[in-house]
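Visitor: Quick one, input21.cif (mmCIF, C-alpha atoms):
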```
data_my_file
#
loop_
_atom_site.group_PDB
_atom_site.id
_atom_site.type_symbol
_atom_site.label_atom_id
_atom_site.label_comp_id
_atom_site.auth_asym_id
_atom_site.auth_seq_id
_atom_site.Cartn_x
_atom_site.Cartn_y
_atom_site.Cartn_z
ATOM 1 C CA MET A 331 -17.502 -40.940 51.410
ATOM 2 C CA SER A 332 -20.944 -42.519 51.509
ATOM 3 C CA SER A 333 -22.588 -39.167 52.310
ATOM 4 C CA VAL A 334 -21.043 -37.637 49.203
ATOM 5 C CA LEU A 335 -22.404 -40.414 47.000
ATOM 6 C CA LYS A 336 -25.867 -40.014 48.551
ATOM 7 C CA LYS A 337 -25.886 -36.314 47.720
ATOM 8 C CA ARG A 338 -24.884 -36.981 44.108
ATOM 9 C CA ALA A 339 -27.571 -39.639 43.762
ATOM 10 C CA LEU A 340 -30.210 -37.317 45.170
ATOM 11 C CA LYS A 341 -29.323 -34.718 42.529
ATOM 12 C CA TRP A 342 -30.304 -37.132 39.724
ATOM 13 C CA ILE A 343 -33.696 -37.994 41.210
ATOM 14 C CA PRO A 344 -35.555 -34.839 39.922
ATOM 15 C CA LEU A 345 -34.100 -35.283 36.443
ATOM 16 C CA ALA A 346 -35.138 -38.930 36.344
ATOM 17 C CA LEU A 347 -38.682 -38.070 37.427
ATOM 18 C CA ALA A 348 -38.979 -35.313 34.799
ATOM 19 C CA THR A 349 -37.727 -37.666 32.096
ATOM 20 C CA ALA A 350 -40.216 -40.335 33.102
ATOM 21 C CA VAL A 351 -43.128 -37.902 33.011
ATOM 22 C CA THR A 352 -42.063 -36.576 29.607
ATOM 23 C CA LEU A 353 -41.720 -40.025 28.073
ATOM 24 C CA ALA A 354 -45.067 -41.049 29.488
ATOM 25 C CA GLY A 355 -46.731 -38.052 27.783
ATOM 26 C CA CYS A 356 -45.095 -38.781 24.426
ATOM 27 C CA ALA A 357 -46.135 -42.400 24.200
ATOM 28 C CA ARG A 358 -49.393 -44.158 23.413
ATOM 29 C CA ASP A 359 -49.490 -47.953 23.650
ATOM 30 C CA GLY A 360 -45.720 -48.026 23.525
ATOM 31 C CA TYR A 361 -45.455 -45.777 20.426
ATOM 32 C CA TYR A 362 -44.713 -42.095 19.898
ATOM 33 C CA HIS A 363 -47.883 -40.044 20.298
ATOM 34 C CA ASP A 364 -48.779 -38.816 16.825
ATOM 35 C CA ARG A 365 -51.090 -35.902 17.531
ATOM 36 C CA ASN A 366 -52.498 -36.023 14.000
ATOM 37 C CA LEU A 367 -54.641 -38.907 15.215
ATOM 38 C CA ASP A 368 -56.372 -36.576 17.660
ATOM 39 C CA TYR A 369 -58.077 -34.786 14.765
ATOM 40 C CA THR A 370 -59.548 -38.002 13.377
ATOM 41 C CA GLU A 371 -60.971 -38.894 16.766
ATOM 42 C CA ALA A 372 -62.261 -35.414 17.569
ATOM 43 C CA ALA A 373 -65.993 -35.015 18.144
ATOM 44 C CA PRO A 374 -67.980 -31.785 17.840
ATOM 45 C CA ALA A 375 -68.607 -30.021 21.107
ATOM 46 C CA PRO A 376 -71.940 -28.454 22.001
ATOM 47 C CA PRO A 377 -72.209 -24.733 21.146
ATOM 48 C CA LEU A 378 -71.290 -22.236 23.809
ATOM 49 C CA VAL A 379 -74.364 -20.908 25.571
ATOM 50 C CA LEU A 380 -74.207 -17.723 27.573
ATOM 51 C CA PRO A 381 -76.233 -17.647 30.786
ATOM 52 C CA GLU A 382 -79.643 -16.017 30.552
ATOM 53 C CA THR A 383 -78.722 -13.776 33.471
ATOM 54 C CA ARG A 384 -76.086 -11.998 31.391
ATOM 55 C CA ASN A 385 -76.292 -8.301 30.636
ATOM 56 C CA THR A 386 -77.487 -8.297 26.995
ATOM 57 C CA GLN A 387 -76.321 -4.694 26.506
ATOM 58 C CA ARG A 388 -72.716 -5.845 26.775
ATOM 59 C CA TYR A 389 -72.948 -8.601 24.155
ATOM 60 C CA ARG A 390 -73.481 -7.868 20.445
ATOM 61 C CA ASP A 391 -72.465 -9.465 17.170
ATOM 62 C CA ALA A 392 -68.881 -8.498 16.337
ATOM 63 C CA LEU A 393 -69.523 -9.027 12.590
ATOM 64 C CA PRO A 394 -73.269 -8.789 12.005
ATOM 65 C CA VAL A 395 -74.567 -10.515 8.858
ATOM 66 C CA PRO A 396 -77.532 -8.849 7.121
ATOM 67 C CA GLN A 397 -80.628 -10.910 6.523
ATOM 68 C CA ALA A 398 -81.126 -12.287 3.025
ATOM 69 C CA ALA A 399 -84.350 -10.314 2.695
ATOM 70 C CA ALA A 400 -82.370 -7.084 2.933
ATOM 71 C CA GLN A 401 -80.268 -8.003 -0.090
ATOM 72 C CA GLY A 402 -82.998 -7.085 -2.573
ATOM 73 C CA PRO A 403 -84.892 -9.354 -4.942
ATOM 74 C CA ARG A 404 -83.112 -12.411 -6.241
ATOM 75 C CA MET A 405 -82.062 -12.492 -9.877
ATOM 76 C CA GLN A 406 -84.313 -14.687 -12.000
ATOM 77 C CA GLY A 407 -81.796 -15.161 -14.827
ATOM 78 C CA ALA A 408 -78.105 -15.278 -15.492
ATOM 79 C CA ALA A 409 -76.286 -11.977 -15.134
ATOM 80 C CA GLU A 410 -74.535 -10.497 -18.133
ATOM 81 C CA ILE A 411 -70.913 -10.110 -17.076
ATOM 82 C CA ARG A 412 -68.669 -7.909 -19.164
ATOM 83 C CA PRO A 413 -65.445 -9.652 -20.219
ATOM 84 C CA PRO A 414 -62.293 -8.430 -18.483
ATOM 85 C CA GLN A 415 -59.857 -6.081 -20.114
ATOM 86 C CA SER A 416 -57.897 -7.979 -22.736
ATOM 87 C CA LEU A 417 -54.391 -8.919 -21.598
ATOM 88 C CA THR A 418 -53.233 -8.616 -25.187
ATOM 89 C CA ILE A 419 -53.154 -4.833 -24.818
ATOM 90 C CA GLY A 420 -50.953 -5.207 -21.763
ATOM 91 C CA SER A 421 -47.906 -6.629 -23.547
ATOM 92 C CA GLY A 422 -46.365 -3.875 -25.622
ATOM 93 C CA LEU A 423 -49.575 -2.616 -27.236
ATOM 94 C CA GLU A 424 -50.466 0.172 -24.826
ATOM 95 C CA PRO A 425 -51.944 3.023 -26.866
ATOM 96 C CA ASP A 426 -50.377 6.468 -26.991
ATOM 97 C CA TYR A 427 -52.351 9.272 -25.409
ATOM 98 C CA VAL A 428 -53.358 10.546 -28.865
ATOM 99 C CA GLU A 429 -53.526 8.398 -32.001
ATOM 100 C CA ARG A 430 -54.977 9.006 -35.446
ATOM 101 C CA ARG A 431 -57.406 6.732 -37.252
ATOM 102 C CA GLN A 432 -58.338 6.937 -40.925
ATOM 103 C CA VAL A 433 -60.684 5.097 -43.284
ATOM 104 C CA GLY A 434 -60.873 6.464 -46.811
ATOM 105 C CA ASP A 435 -61.317 10.230 -46.615
ATOM 106 C CA GLN A 436 -62.473 10.102 -42.997
ATOM 107 C CA ALA A 437 -60.002 10.748 -40.169
ATOM 108 C CA TRP A 438 -60.303 11.291 -36.417
ATOM 109 C CA LEU A 439 -58.320 11.160 -33.183
ATOM 110 C CA VAL A 440 -58.480 8.523 -30.458
ATOM 111 C CA VAL A 441 -57.526 9.846 -27.015
ATOM 112 C CA ALA A 442 -56.669 7.494 -24.144
ATOM 113 C CA ALA A 443 -58.952 9.304 -21.680
ATOM 114 C CA ASP A 444 -62.668 9.389 -20.989
ATOM 115 C CA THR A 445 -64.921 12.043 -22.476
ATOM 116 C CA GLY A 446 -65.210 13.920 -19.199
ATOM 117 C CA THR A 447 -61.436 14.436 -19.206
ATOM 118 C CA VAL A 448 -61.110 15.301 -22.898
ATOM 119 C CA TRP A 449 -63.914 17.894 -22.985
ATOM 120 C CA PRO A 450 -62.050 20.553 -20.902
ATOM 121 C CA GLN A 451 -59.050 20.044 -23.186
ATOM 122 C CA LEU A 452 -61.212 20.796 -26.230
ATOM 123 C CA GLU A 453 -62.470 23.974 -24.556
ATOM 124 C CA GLU A 454 -58.877 24.935 -23.791
ATOM 125 C CA PHE A 455 -57.940 24.327 -27.441
ATOM 126 C CA VAL A 456 -60.713 26.639 -28.630
ATOM 127 C CA ARG A 457 -59.645 29.379 -26.208
ATOM 128 C CA SER A 458 -55.962 29.078 -27.092
ATOM 129 C CA ARG A 459 -56.770 29.385 -30.805
ATOM 130 C CA GLN A 460 -59.220 32.242 -30.134
ATOM 131 C CA LEU A 461 -61.883 30.493 -32.198
ATOM 132 C CA ALA A 462 -65.282 32.145 -32.326
ATOM 133 C CA VAL A 463 -67.678 29.727 -30.597
ATOM 134 C CA GLN A 464 -71.145 29.654 -32.103
ATOM 135 C CA GLU A 465 -72.482 26.696 -30.164
ATOM 136 C CA SER A 466 -71.197 24.529 -27.334
ATOM 137 C CA SER A 467 -72.895 21.538 -25.693
ATOM 138 C CA ALA A 468 -71.040 19.202 -23.353
ATOM 139 C CA SER A 469 -74.035 16.843 -23.169
ATOM 140 C CA GLN A 470 -73.947 16.425 -26.955
ATOM 141 C CA GLY A 471 -70.164 16.605 -27.227
ATOM 142 C CA ILE A 472 -70.021 19.362 -29.842
ATOM 143 C CA ILE A 473 -68.341 22.767 -30.164
ATOM 144 C CA VAL A 474 -69.285 24.697 -33.286
ATOM 145 C CA THR A 475 -66.856 27.433 -34.323
ATOM 146 C CA SER A 476 -66.586 29.601 -37.407
ATOM 147 C CA GLN A 477 -63.708 27.435 -38.690
ATOM 148 C CA ALA A 478 -64.736 23.840 -37.806
ATOM 149 C CA ASP A 479 -66.999 21.664 -35.703
ATOM 150 C CA LEU A 480 -65.331 19.729 -32.901
ATOM 151 C CA ARG A 481 -67.174 16.509 -32.044
ATOM 152 C CA LEU A 482 -66.467 14.300 -29.041
ATOM 153 C CA GLN A 483 -67.764 10.793 -28.327
ATOM 154 C CA SER A 484 -66.666 7.690 -26.478
ATOM 155 C CA ALA A 485 -64.344 5.374 -28.393
ATOM 156 C CA LEU A 486 -64.690 1.646 -28.882
ATOM 157 C CA ARG A 487 -62.212 0.824 -26.125
ATOM 158 C CA ALA A 488 -63.368 1.532 -22.583
ATOM 159 C CA GLY A 489 -61.951 4.716 -21.095
ATOM 160 C CA SER A 490 -61.030 6.241 -24.467
ATOM 161 C CA SER A 491 -62.579 9.005 -26.570
ATOM 162 C CA GLU A 492 -62.839 9.972 -30.229
ATOM 163 C CA VAL A 493 -62.496 13.556 -31.450
ATOM 164 C CA ARG A 494 -63.322 14.858 -34.924
ATOM 165 C CA CYS A 495 -62.745 18.174 -36.695
ATOM 166 C CA GLU A 496 -65.300 18.507 -39.473
ATOM 167 C CA ARG A 497 -67.292 20.987 -41.463
ATOM 168 C CA GLY A 498 -70.260 19.772 -43.466
ATOM 169 C CA GLY A 499 -69.194 16.140 -43.095
ATOM 170 C CA GLN A 500 -65.707 16.846 -44.477
ATOM 171 C CA VAL A 501 -62.551 16.442 -42.426
ATOM 172 C CA MET A 502 -60.780 19.714 -41.658
ATOM 173 C CA THR A 503 -57.218 18.433 -41.864
ATOM 174 C CA SER A 504 -55.513 21.576 -40.571
ATOM 175 C CA CYS A 505 -57.842 21.655 -37.553
ATOM 176 C CA LEU A 506 -57.240 17.963 -36.865
ATOM 177 C CA ASP A 507 -53.472 18.435 -37.070
ATOM 178 C CA ALA A 508 -53.551 21.363 -34.661
ATOM 179 C CA LEU A 509 -55.838 19.520 -32.269
ATOM 180 C CA GLU A 510 -53.588 16.447 -32.336
ATOM 181 C CA SER A 511 -50.588 18.617 -31.462
ATOM 182 C CA HIS A 512 -52.513 20.334 -28.678
ATOM 183 C CA LEU A 513 -53.733 17.097 -27.077
ATOM 184 C CA SER A 514 -50.357 15.385 -27.461
ATOM 185 C CA SER A 515 -48.739 18.131 -25.394
ATOM 186 C CA ARG A 516 -51.025 17.129 -22.538
ATOM 187 C CA SER A 517 -51.742 13.839 -20.836
ATOM 188 C CA ALA A 518 -54.510 12.286 -18.825
ATOM 189 C CA SER A 519 -52.498 12.809 -15.629
ATOM 190 C CA ALA A 520 -51.863 16.473 -16.396
ATOM 191 C CA SER A 521 -55.558 17.227 -16.774
ATOM 192 C CA VAL A 522 -56.980 17.825 -13.315
ATOM 193 C CA SER A 523 -60.380 19.073 -14.470
ATOM 194 C CA SER A 524 -63.215 16.931 -15.715
ATOM 195 C CA SER A 525 -66.645 17.658 -17.095
ATOM 196 C CA TRP A 526 -69.398 15.728 -15.356
ATOM 197 C CA THR A 527 -71.817 16.534 -18.158
ATOM 198 C CA ALA A 528 -69.457 15.232 -20.842
ATOM 199 C CA GLN A 529 -69.078 11.983 -18.910
ATOM 200 C CA ARG A 530 -72.604 11.100 -20.034
ATOM 201 C CA LEU A 531 -71.226 10.600 -23.539
ATOM 202 C CA THR A 532 -69.603 7.367 -22.392
ATOM 203 C CA SER A 533 -71.312 4.342 -23.910
ATOM 204 C CA ASP A 534 -72.184 1.385 -21.680
ATOM 205 C CA GLN A 535 -72.634 -0.946 -24.640
ATOM 206 C CA SER A 536 -70.196 -3.831 -24.876
ATOM 207 C CA LEU A 537 -69.385 -6.346 -27.567
ATOM 208 C CA GLN A 538 -70.657 -9.906 -27.399
ATOM 209 C CA VAL A 539 -69.026 -13.154 -28.518
ATOM 210 C CA ARG A 540 -71.830 -15.538 -29.435
ATOM 211 C CA GLN A 541 -72.346 -18.900 -31.132
ATOM 212 C CA GLN A 542 -74.597 -19.218 -34.158
ATOM 213 C CA GLY A 543 -75.026 -22.904 -34.927
ATOM 214 C CA ASN A 544 -71.526 -24.316 -35.333
ATOM 215 C CA GLU A 545 -69.980 -20.893 -35.973
ATOM 216 C CA TRP A 546 -68.784 -18.141 -33.646
ATOM 217 C CA GLU A 547 -69.098 -14.414 -34.254
ATOM 218 C CA VAL A 548 -68.609 -11.130 -32.441
ATOM 219 C CA VAL A 549 -71.373 -8.529 -32.249
ATOM 220 C CA ILE A 550 -69.900 -5.034 -31.891
ATOM 221 C CA PRO A 551 -72.371 -2.202 -31.177
ATOM 222 C CA GLN A 552 -70.513 0.320 -33.360
ATOM 223 C CA PRO A 553 -70.529 1.386 -37.050
ATOM 224 C CA ILE A 554 -68.394 -0.687 -39.366
ATOM 225 C CA ASP A 555 -65.897 2.056 -40.366
ATOM 226 C CA ARG A 556 -64.957 2.770 -36.758
ATOM 227 C CA VAL A 557 -64.525 -0.932 -36.042
ATOM 228 C CA TRP A 558 -62.403 -1.530 -39.152
ATOM 229 C CA ALA A 559 -60.096 1.399 -38.357
ATOM 230 C CA GLU A 560 -59.543 0.234 -34.791
ATOM 231 C CA LEU A 561 -58.881 -3.381 -35.753
ATOM 232 C CA ASN A 562 -56.561 -2.292 -38.563
ATOM 233 C CA HIS A 563 -54.522 -0.207 -36.106
ATOM 234 C CA TYR A 564 -53.979 -3.033 -33.608
ATOM 235 C CA LEU A 565 -53.534 -5.799 -36.171
ATOM 236 C CA GLU A 566 -50.705 -3.779 -37.702
ATOM 237 C CA LEU A 567 -49.110 -3.597 -34.243
ATOM 238 C CA ASP A 568 -49.746 -7.130 -32.988
ATOM 239 C CA PHE A 569 -49.895 -9.401 -36.057
ATOM 240 C CA THR A 570 -46.235 -9.025 -36.974
ATOM 241 C CA GLN A 571 -44.794 -12.478 -36.194
ATOM 242 C CA GLU A 572 -44.351 -14.468 -39.376
ATOM 243 C CA GLY A 573 -45.327 -18.096 -38.926
ATOM 244 C CA GLN A 574 -47.266 -17.316 -35.731
ATOM 245 C CA ARG A 575 -49.580 -14.400 -36.461
ATOM 246 C CA ASN A 576 -49.153 -11.967 -39.316
ATOM 247 C CA LEU A 577 -51.317 -9.422 -41.124
ATOM 248 C CA LEU A 578 -51.112 -10.259 -44.832
ATOM 249 C CA ALA A 579 -53.649 -7.841 -46.335
ATOM 250 C CA ALA A 580 -56.226 -5.224 -45.312
ATOM 251 C CA ASP A 581 -59.182 -4.157 -47.468
ATOM 252 C CA PRO A 582 -60.906 -0.998 -46.185
ATOM 253 C CA ASN A 583 -63.500 -1.077 -48.963
ATOM 254 C CA GLY A 584 -64.485 -4.683 -48.354
ATOM 255 C CA HIS A 585 -64.005 -4.274 -44.593
ATOM 256 C CA GLU A 586 -61.928 -7.408 -44.137
ATOM 257 C CA PHE A 587 -58.432 -8.626 -43.316
ATOM 258 C CA LEU A 588 -56.354 -11.609 -44.373
ATOM 259 C CA VAL A 589 -54.157 -12.919 -41.570
ATOM 260 C CA GLU A 590 -51.747 -15.766 -41.039
ATOM 261 C CA TYR A 591 -52.440 -17.444 -37.693
ATOM 262 C CA MET A 592 -51.251 -20.518 -35.797
ATOM 263 C CA THR A 593 -54.002 -21.832 -33.561
ATOM 264 C CA LEU A 594 -53.448 -22.791 -29.942
ATOM 265 C CA ALA A 595 -54.207 -26.443 -30.747
ATOM 266 C CA GLU A 596 -51.456 -26.389 -33.372
ATOM 267 C CA ARG A 597 -48.985 -24.655 -31.066
ATOM 268 C CA ASN A 598 -49.616 -27.261 -28.355
ATOM 269 C CA ARG A 599 -49.058 -30.333 -30.536
ATOM 270 C CA ASN A 600 -46.562 -32.652 -28.868
ATOM 271 C CA PRO A 601 -43.760 -34.510 -30.740
ATOM 272 C CA LEU A 602 -45.764 -37.754 -30.809
ATOM 273 C CA GLN A 603 -48.723 -36.047 -32.473
ATOM 274 C CA ILE A 604 -46.392 -34.482 -35.030
ATOM 275 C CA VAL A 605 -44.804 -37.872 -35.868
ATOM 276 C CA PHE A 606 -48.175 -39.467 -36.632
ATOM 277 C CA SER A 607 -49.417 -36.407 -38.534
ATOM 278 C CA ALA A 608 -49.074 -35.495 -42.201
ATOM 279 C CA ASP A 609 -47.407 -32.241 -41.098
ATOM 280 C CA VAL A 610 -43.898 -32.773 -39.756
ATOM 281 C CA ARG A 611 -43.817 -29.290 -38.262
ATOM 282 C CA LYS A 612 -46.226 -26.880 -36.668
ATOM 283 C CA MET A 613 -48.036 -24.865 -39.329
ATOM 284 C CA SER A 614 -50.020 -21.632 -39.448
ATOM 285 C CA GLN A 615 -52.934 -21.019 -41.806
ATOM 286 C CA GLU A 616 -54.638 -18.157 -43.582
ATOM 287 C CA ILE A 617 -57.851 -16.784 -42.080
ATOM 288 C CA ARG A 618 -60.175 -14.027 -43.349
ATOM 289 C CA LEU A 619 -61.490 -11.634 -40.709
ATOM 290 C CA VAL A 620 -64.683 -10.270 -42.222
ATOM 291 C CA LEU A 621 -66.760 -7.336 -40.942
ATOM 292 C CA GLU A 622 -70.432 -7.053 -41.897
ATOM 293 C CA SER A 623 -72.670 -4.095 -41.169
ATOM 294 C CA ASN A 624 -75.934 -4.826 -39.360
ATOM 295 C CA GLY A 625 -77.593 -1.468 -38.781
ATOM 296 C CA ASP A 626 -75.787 0.272 -35.953
ATOM 297 C CA GLN A 627 -73.917 -2.945 -35.197
ATOM 298 C CA THR A 628 -70.969 -4.700 -36.814
ATOM 299 C CA ILE A 629 -70.551 -8.469 -37.035
ATOM 300 C CA LEU A 630 -67.009 -9.894 -37.000
ATOM 301 C CA ARG A 631 -66.441 -13.407 -38.388
ATOM 302 C CA ALA A 632 -63.358 -15.588 -38.909
ATOM 303 C CA ILE A 633 -63.470 -17.621 -42.130
ATOM 304 C CA ASN A 634 -60.952 -20.316 -42.999
ATOM 305 C CA ALA A 635 -59.040 -19.458 -46.192
ATOM 306 C CA SER A 636 -56.744 -22.499 -46.180
ATOM 307 C CA GLU A 637 -57.023 -26.256 -46.575
ATOM 308 C CA ARG A 638 -56.106 -26.914 -42.959
ATOM 309 C CA SER A 639 -58.697 -27.747 -40.313
ATOM 310 C CA PHE A 640 -60.226 -24.785 -38.491
ATOM 311 C CA SER A 641 -62.526 -25.947 -35.691
ATOM 312 C CA ALA A 642 -65.150 -23.952 -33.831
ATOM 313 C CA ALA A 643 -62.777 -23.765 -30.853
ATOM 314 C CA ASP A 644 -60.054 -22.347 -33.126
ATOM 315 C CA GLN A 645 -62.519 -19.830 -34.513
ATOM 316 C CA ARG A 646 -63.573 -18.644 -31.068
ATOM 317 C CA GLU A 647 -59.958 -18.404 -29.927
ATOM 318 C CA LEU A 648 -59.002 -16.079 -32.784
ATOM 319 C CA LEU A 649 -62.154 -13.963 -32.491
ATOM 320 C CA GLU A 650 -61.663 -13.464 -28.755
ATOM 321 C CA ARG A 651 -58.073 -12.382 -29.324
ATOM 322 C CA VAL A 652 -58.960 -9.895 -32.047
ATOM 323 C CA SER A 653 -62.074 -8.542 -30.326
ATOM 324 C CA GLY A 654 -59.915 -7.951 -27.233
ATOM 325 C CA TYR A 655 -58.466 -4.911 -29.032
ATOM 326 C CA LEU A 656 -61.882 -3.243 -28.707
ATOM 327 C CA ARG A 657 -62.409 -3.789 -24.964
#
```
Can you give me the file's structure in the form of structure tokens?
Guide:
Amino acid sequence: MSSVLKKRALKWIPLALATAVTLAGCARDGYYHDRNLDYTEAAPAPPLVLPETRNTQRYRDALPVPQAAAQGPRMQGAAEIRPPQSLTIGSGLEPDYVERRQVGDQAWLVVAADTGTVWPQLEEFVRSRQLAVQESSASQGIIVTSQADLRLQSALRAGSSEVRCERGGQVMTSCLDALESHLSSRSASASVSSSWTAQRLTSDQSLQVRQQGNEWEVVIPQPIDRVWAELNHYLELDFTQEGQRNLLAADPNGHEFLVEYMTLAERNRNPLQIVFSADVRKMSQEIRLVLESNGDQTILRAINASERSFSAADQRELLERVSGYLR
């Protein structure tokens, strides 16, 4: 009987030893060993040094870093960074492949493709209509035929183009209609050819939002009629929410717009601010968007047309939103 008990007792000895070792490793001064403390007590170790007797041919930098001198000269001033594509045109305002613009008796097409893509489509249009070509220059973006002159240039928005059908400065409506139908039957994805020469027509100029004293304005490096037509198109699409943002009037002769707009500061007023304010509800206000010609440039300003406060921050906010249609 005693031998059986001895055997059973001996079986528990290894388990008891293992438990003792484990508990000893998990305790520090009678408490559970919190290993997070090891990081606070860690000290930097000396760098690893390979022996000088090593074969240097076998050891190289896995990710070599070029010397700063090889990066070129350092910039002496701040870099001019082009603003990102406006997110406003990403929420239901994506342009069609071909759209028409008109100001007074002038009309043209805006194509959602670069000039290098649109140029082969213009050549295809001329061939399909069997128009007699008198002059053709991809670098100048012009095809002169016996019926009309087709002119191609980059549009205000990046990656888009403008096409005109004219003769002697007058719009050839029938030509423009036919060209619109021809381009609409195609798409940027369907056009596999591109003219490298016509790509030079793309303009690298970008608009600039700048502060003049206490006022903000937008400098747009394009003629005023083109700017007005583009803004009119997108304001009619986007400023359609009464009480929030709404296009009230458009004056092509005076090159200005009257809009109803609720500023971000007004939209973000909390209930406590409303209680202690003269206005018991959030209010919009009327703002004039005025375009002024300055040579080959156009200046866009936002002028308060109401009795409500319109701060410089409010002015910049509205101008950045509206100018985003042109990026």
Visitor: Just the number, please: distance in Å from atom CA of A:Phe640 to atom CA of A:Glu596, one decimal.
Guide: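 These atoms are spaced 10.3 Å apart.
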Visitor: Which residues would end up in the selection if the PyMOL selection byres ((chain A and resi 567-574) around 8) were applied here, given that I need the answer as a list of chain:residue names?
Guide: A:Leu423, A:His563, A:Tyr564, A:Leu565, A:Glu566, A:Arg575, A:Asn576, A:Leu577, A:Val589, A:Glu590, A:Tyr591, A:Met592, A:Met613, A:Ser614
Visitor: Please evaluate the PyMOL selection byres ((chain A and resi 451-467) around 8) against the structure above and give the resulting residues as a VMD selection string.
Guide: chain A and resid 447 to 450 468 to 477 480 509 512 to 513 521
Visitor: Restricting it to C-alpha atoms, dump the selection as a PDB file, in the frame of the given file.
Guide:
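Generated file (selection_25.pdb):
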```pdb
ATOM      1  CA  THR A 447     -61.436  14.436 -19.206  1.00  0.00           C
ATOM      2  CA  VAL A 448     -61.110  15.301 -22.898  1.00  0.00           C
ATOM      3  CA  TRP A 449     -63.914  17.894 -22.985  1.00  0.00           C
ATOM      4  CA  PRO A 450     -62.050  20.553 -20.902  1.00  0.00           C
ATOM      5  CA  ALA A 468     -71.040  19.202 -23.353  1.00  0.00           C
ATOM      6  CA  SER A 469     -74.035  16.843 -23.169  1.00  0.00           C
ATOM      7  CA  GLN A 470     -73.947  16.425 -26.955  1.00  0.00           C
ATOM      8  CA  GLY A 471     -70.164  16.605 -27.227  1.00  0.00           C
ATOM      9  CA  ILE A 472     -70.021  19.362 -29.842  1.00  0.00           C
ATOM     10  CA  ILE A 473     -68.341  22.767 -30.164  1.00  0.00           C
ATOM     11  CA  VAL A 474     -69.285  24.697 -33.286  1.00  0.00           C
ATOM     12  CA  THR A 475     -66.856  27.433 -34.323  1.00  0.00           C
ATOM     13  CA  SER A 476     -66.586  29.601 -37.407  1.00  0.00           C
ATOM     14  CA  GLN A 477     -63.708  27.435 -38.690  1.00  0.00           C
ATOM     15  CA  LEU A 480     -65.331  19.729 -32.901  1.00  0.00           C
ATOM     16  CA  LEU A 509     -55.838  19.520 -32.269  1.00  0.00           C
ATOM     17  CA  HIS A 512     -52.513  20.334 -28.678  1.00  0.00           C
ATOM     18  CA  LEU A 513     -53.733  17.097 -27.077  1.00  0.00           C
ATOM     19  CA  SER A 521     -55.558  17.227 -16.774  1.00  0.00           C
TER      20      SER A 521
END
```
Visitor: Identify, on the basis of only C-alpha atoms, every residue whose closest approach to A:His585 does not exceed 6 Å; exclude the query and any residue fewer than 3 positions from it along the same chain; express the result as a list in words.
Guide: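 In the requested format, the answer is Asp581, Pro582 and Leu621 of chain A.
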Visitor: Rank nothing, just name the residue among A:Leu588, A:Gln645, A:Thr445, A:Gln615 nearest to A:Gln541, using all atoms listed in the file.
Guide: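 Smallest distance to A:Gln541 is found for A:Gln645.
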Visitor: When you look at A:Leu506 with a cut-off of 8 Å (counting all atoms listed in the file), what residues show up, excluding the ones that are within fewer than 4 positions of it in the same chain? I need them as a ChimeraX atom specification.
Guide: /A:438-439,494-495,501-502,510
Visitor: Could you work out how far atom CA of A:Arg540 lies from atom CA of A:Ala442, giving the answer in Å with one decimal?
Guide: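 Value for the atom CA of A:Ala442-atom CA of A:Arg540 distance: 28.1 Å.
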Visitor: Determine the nearest neighbour of A:Leu630 from the options A:Gln538, A:Asn544, A:Val441, A:Ala488, counting all atoms listed in the file.
Guide: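 Result for the nearest residue to A:Leu630: A:Gln538.
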Visitor: For A:Leu486, which residue out of A:Ala580, A:Ile633, A:Ile554, A:Leu619 is the nearest one, using all atoms listed in the file?
Guide: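 Using all atoms listed in the file, the shortest distance to A:Leu486 belongs to A:Ile554.
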Visitor: Select, counting all atoms listed in the file, all protein, DNA and RNA residues no farther than 12 Å from (-52.6, 9.9, -38.2) in file coordinates, and express the selection as a PyMOL selection string.
Guide: chain A and resi 426+428-433+436-440+503+506-507+509-511+559+563
Visitor: Please report the interatomic distance between atom CA of A:Arg497 and atom CA of A:Asn583 in Å with one decimal.
Guide: 23.6 Å
Visitor: Give the answer as one residue: which of A:Leu537, A:Ile617, A:Leu482, A:Leu380 has the shortest atom-to-atom distance to A:Pro551, using all atoms listed in the file?
Guide: A:Leu537
Visitor: Counting all atoms listed in the file, which of A:Ser491, A:Ser515, A:Ala632, A:Gly434 gets nearest to A:Leu649?
Guide: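 That would be A:Ala632, the residue with the smallest distance to A:Leu649.
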Visitor: Run the PyMOL selection byres ((chain A and resi 657) around 6) on the file and write out the hits as a ChimeraX atom specification.
Guide: /A:415,487-488,654-656
